[in-house]
Each structure stands twice: as structure tokens, then as C-alpha cells.
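Visitor: Sharing a structure here in C-alpha cells format.
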Amino acid sequence: MVRPLLILIFLLSLYHTLTVGKVLPSSEGISIEETNYVKVEKYVYHDSKIDVLLVGSSRTAKLDPQYISDDAQNLGMRGFSSTLGLELVKRTELKPSVVLVEINGTIGLTDEELIKSLFAPLTYYSRLYFPMFRTEYRPVSVFIQAVRNLLEKLNIITLEEIDQARVNPEFREKIVQEKLQEYNQKLSQKEKTDLRDKAELIKSKIEEIENSGVQVFLYDIPGDRRVDNTMKSSQERELLQNLFPSNKFEWLPKPLNREWNTSDGVHLISNDAKVFAEFIRDQLKPR
């Protein structure tokens with residue numbers, strides 16, 4: 001019993017040393033769920049000041065924070081929204097200087113179980129002081145990330161090329177047409193009430209965060225112009241702008257009037273996501 005235990009302790013100590021020493025590559029996640037977990041853990045267990053934090057849905061997840069600030073982090077998550085990101089900011093002691101909040105029809109999607117698991121005392125302190133217990137350092141995920149890094153280093157394939165390959169014009173147009181059918185209708189009374197309720201929840205979180213000294217900016221992300229101009233999208237924007245009036249909330253200005261390329265009518269492809277991220281960076285520069 002003693003020998004296997006000593007071997008286990010040695011292997012765990014070695015893995016801990018490799019993770020702390022940054023010898024092993026940090027995984028970005030190999031599934032949607034895992035990618036979300038990696039993002040939230042990197043934020044919740046961070047130990048240095050963050051300059052800019054983005055919170056939002058999968059639309060925000062497409063933005064590369066390095067084009068906004070050297071000390072920026074992205075909490076945009078597929079399947080979730082700004083509500084979850086704001087709750088995490090509210091619960092962490094070391095807060096960012098600036099929080100950028102995505103505001104559109106996606107607001108309100110959150111995960112109470114995820115929040116509980118992040119802040120449960122046992123898991124919180126074990127992941128805080130021992131990075132090897134975090135999702136980003138799961139052995140299989142680390143191996144796959146190492147292969148990805150090697151492929152990029154050898155210029156065999158890049159993430160941008162993978163993204164571009166997904167945008168098959170015919171398939172993309174089919175998806176856009178489906179979006180147009182879905183969005184070319186008025187918001188129901190239930191949808192309006194739901195948006196108002198979610199907006200009130202976000203307002204309370206923003207107020208609490210601002211009271212702790214964080215500067216908050218609201219923004220929306222452009223998509224395919226046809227989808228953005230549908231009846232449902234237009235009504236959502238109008239309602240949310242009324243719920244978050246510019247005399248009480250600081251909105252980033254609207255981005256450049258141009259054609260934004262998407263993979264599905266909503267999510268920007270990598271090149272256009274870079275342009276929008278750089279637009280945000282320029283808006284945050286001191287005037």
C-alpha cells in the first residue's frame with residue numbers, strides 16, 4: 001500500500017510542478033462545455049489584476065481579447081449570457097477595471113450549478129492553489145492542445161483557416177434564411193416580459209459591480225445586416241435601449257457601417273471578430 005501511495009504522490013507532485021511551471025500547455029477546451037469551464041475557472045481563480053473583462057454569449061466568445069488589451073479576458077460563453085458573467089464578477093474579490101457587457105436578446109441565460117461548483121470551499125481552494133485540478137489541465141485536453149499548438153507552429157493549419165472552412169457559402173445562406181424566417185415576426189408579449197425581467201436582474205448586478213469601483217460599458221455585436229434588420233431584432237434593440245437608457249448606462253457607440261461577415265447570420269467569423277475587437281479597443285482609449 002505504501003509504495004503505490006508514494007508513486008501516486010510523486011506523479012501528482014510532478015504534474016503539479018509541470019502545470020505551475022507552465023511546461024504543459026493550458027487547454028482551451030475540447031468541447032463547448034469544457035471551453036466554458038476553462039473560461040470561468042481562469043477568471044475565478046486568477047491572481048492578477050484584469051484590465052478589461054468581456055461578459056456575454058457565444059457572440060462575445062468569438063472576440064479575441066488580445067486585440068482589445070494586453071490584460072483583457074473574455075467571459076463570453078456559448079449557451080450562456082452576460083448574466084452569468086456579471087454574477088461571477090460580483091462574487092470575486094479581485095475585480096477588473098472595466099467590464100464590457102453584451103446586451104441583446106441573449107440576456108438571462110445562466111447556470112446556478114456551475115456557480116455553486118466554482119465557489120464550493122473544497123473545489124475553490126483546491127483549484128485555486130493546485131492548477132492541475134482545473135479543467136484546462138485535464139491530461140487528455142492538454143494532449144489535444146499540444147497537438148493543436150504543434151499544427152499551428154508548423155503552419156499546417158490555423159484556427160482562422162478552420163473558421164473560414166466552416167463558412168460554406170451555400171450552407172451559410174441556408175442558415176441565414178432560416179434565421180430570417182425565425183426573426184421576421186413580432187416579439188410576443190411573453191418575450192417582452194421575459195426581456196424586462198432579465199434586464200432588471202442585470203441592472204441590479206451592474207449597480208453592485210459599479211459600486212465596487214468597476215467601470216461598466218454596454219455594447220451589442222453586429223451580425224448579418226439582413227438578420228439585424230428583421231422585425232424581431234429591431235424590436236429587441238429598441239426595447240433594450242429603453243430598458244438601458246443612455247442617460248443612465250454608458251453604451252459604446254455603434255460600430256462601423258459595413259457588411260459584417262458571419263458563419264450563420266449571427267456569429268462573426270474570425271477576421272470580422274478581430275475588426276470589431278479592435279473597434280472596442282479604440283473606444284476604450286482615453287480621449
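Chain labels run A, B, ... following the order of the C-alpha cells; each chain numbers its residues from 1, and ligands are numbered from 1 in the order shown.
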Using only C-alpha atoms, what table do you get, as CSV, when you list each residue of stretch 67-162 of chain A with an atom no more than 7 Å from stretch 38-42 of chain A, its nearest pair of atoms, and their distance in Å rounded to one decimal, rows by chain then rising number?

Guide:
residue,atom,partner,partner_atom,distance
A:Leu75,CA,A:Lys39,CA,6.1
A:Thr135,CA,A:Val38,CA,5.7
A:Glu136,CA,A:Val38,CA,5.5

Visitor: When DSSP is applied to the backbone of this structure, which of stretch 107-267 of chain A are assigned strand (DSSP E or B)? Write them out as a PyMOL selection string.

Guide: chain A and resi 215-219+251+262

Visitor: So that each row is one residue of stretch 49-117 of chain A with an atom at most 10 Å from stretch 245-260 of chain A, can you give its shortest atom pair and the distance in Å to one decimal, using only C-alpha atoms, rows by chain and rising number, as JSON lines?

Guide:
{"residue": "A:Leu100", "atom": "CA", "partner": "A:Leu252", "partner_atom": "CA", "distance": 9.0}
{"residue": "A:Val101", "atom": "CA", "partner": "A:Trp251", "partner_atom": "CA", "distance": 9.3}
{"residue": "A:Ile103", "atom": "CA", "partner": "A:Trp251", "partner_atom": "CA", "distance": 9.7}

Visitor: Can you check which residues of stretch 40-106 of chain A DSSP gives as helix (DSSP H, G or I) on the backbone and send them as JSON, numbers by chain?

Guide: {"A": [40, 41, 42, 43, 44, 58, 59, 60, 61, 65, 66, 67, 82, 83, 84, 85, 86, 87, 88, 89, 90, 91]}

Visitor: Determine, counting only C-alpha atoms, which protein, DNA and RNA residues have an atom within 12 Å of an atom of A:Arg226; residues of the same chain fewer than 4 positions away are not included. Present the result as a ChimeraX atom specification.

Guide: /A:173,176-181,183-184,222,230-234,259-262,264-266

Visitor: Just give me the gap between atom CA of A:Val55 and atom CA of A:Val89 in Å, one decimal is fine.

Guide: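 About the pair atom CA of A:Val55 and atom CA of A:Val89: they are 9.3 Å apart.
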
Visitor: For A:Asp70, work out the shell of residues within 9 Å, counting only C-alpha atoms and skipping chain neighbours fewer than 3 positions away, then give it as number ranges by chain.

Guide: A: 51-52, 65-67, 73

Visitor: Please produce an output containing all heavy atoms for each residue in the selection, written as an mmCIF file, in the first residue's frame.

Guide:
data_model
loop_
_atom_site.group_PDB
_atom_site.id
_atom_site.type_symbol
_atom_site.label_atom_id
_atom_site.label_comp_id
_atom_site.auth_asym_id
_atom_site.auth_seq_id
_atom_site.Cartn_x
_atom_site.Cartn_y
_atom_site.Cartn_z
ATOM 1 N N ASP A 51 -7.464 44.101 -16.669
ATOM 2 C CA ASP A 51 -7.780 45.447 -17.146
ATOM 3 C C ASP A 51 -9.210 45.512 -17.678
ATOM 4 O O ASP A 51 -10.041 46.296 -17.215
ATOM 5 C CB ASP A 51 -6.781 45.847 -18.240
ATOM 6 C CG ASP A 51 -7.037 47.248 -18.772
ATOM 7 O OD1 ASP A 51 -7.601 48.078 -18.038
ATOM 8 O OD2 ASP A 51 -6.680 47.510 -19.940
ATOM 9 N N VAL A 52 -9.508 44.649 -18.652
ATOM 10 C CA VAL A 52 -10.817 44.650 -19.310
ATOM 11 C C VAL A 52 -11.392 43.235 -19.310
ATOM 12 O O VAL A 52 -10.689 42.285 -19.655
ATOM 13 C CB VAL A 52 -10.719 45.154 -20.768
ATOM 14 C CG1 VAL A 52 -12.074 45.105 -21.458
ATOM 15 C CG2 VAL A 52 -10.161 46.580 -20.806
ATOM 16 N N PRO A 65 -9.626 38.641 -26.956
ATOM 17 C CA PRO A 65 -9.337 39.770 -26.063
ATOM 18 C C PRO A 65 -7.979 40.414 -26.285
ATOM 19 O O PRO A 65 -7.756 41.553 -25.895
ATOM 20 C CB PRO A 65 -9.455 39.161 -24.663
ATOM 21 C CG PRO A 65 -9.228 37.698 -24.866
ATOM 22 C CD PRO A 65 -9.808 37.386 -26.211
ATOM 23 N N GLN A 66 -7.054 39.703 -26.923
ATOM 24 C CA GLN A 66 -5.717 40.271 -27.127
ATOM 25 C C GLN A 66 -5.753 41.497 -28.036
ATOM 26 O O GLN A 66 -4.846 42.333 -27.994
ATOM 27 C CB GLN A 66 -4.774 39.221 -27.732
ATOM 28 C CG GLN A 66 -5.063 38.859 -29.168
ATOM 29 C CD GLN A 66 -4.005 37.973 -29.788
ATOM 30 O OE1 GLN A 66 -2.848 37.991 -29.367
ATOM 31 N NE2 GLN A 66 -4.396 37.184 -30.793
ATOM 32 N N TYR A 67 -6.818 41.620 -28.852
ATOM 33 C CA TYR A 67 -6.936 42.774 -29.735
ATOM 34 C C TYR A 67 -7.570 43.977 -29.028
ATOM 35 O O TYR A 67 -7.677 45.062 -29.618
ATOM 36 C CB TYR A 67 -7.767 42.416 -30.974
ATOM 37 C CG TYR A 67 -7.131 41.340 -31.826
ATOM 38 C CD1 TYR A 67 -7.791 40.133 -32.072
ATOM 39 C CD2 TYR A 67 -5.870 41.522 -32.365
ATOM 40 C CE1 TYR A 67 -7.201 39.143 -32.844
ATOM 41 C CE2 TYR A 67 -5.267 40.528 -33.132
ATOM 42 C CZ TYR A 67 -5.939 39.342 -33.368
ATOM 43 O OH TYR A 67 -5.352 38.369 -34.127
ATOM 44 N N GLN A 73 -9.660 39.829 -20.733
ATOM 45 C CA GLN A 73 -10.114 38.438 -20.654
ATOM 46 C C GLN A 73 -11.546 38.366 -21.159
ATOM 47 O O GLN A 73 -12.328 39.305 -20.973
ATOM 48 C CB GLN A 73 -10.022 37.930 -19.215
ATOM 49 C CG GLN A 73 -10.154 36.418 -19.084
ATOM 50 C CD GLN A 73 -9.792 35.925 -17.681
ATOM 51 O OE1 GLN A 73 -8.977 36.539 -16.981
ATOM 52 N NE2 GLN A 73 -10.389 34.831 -17.251
#
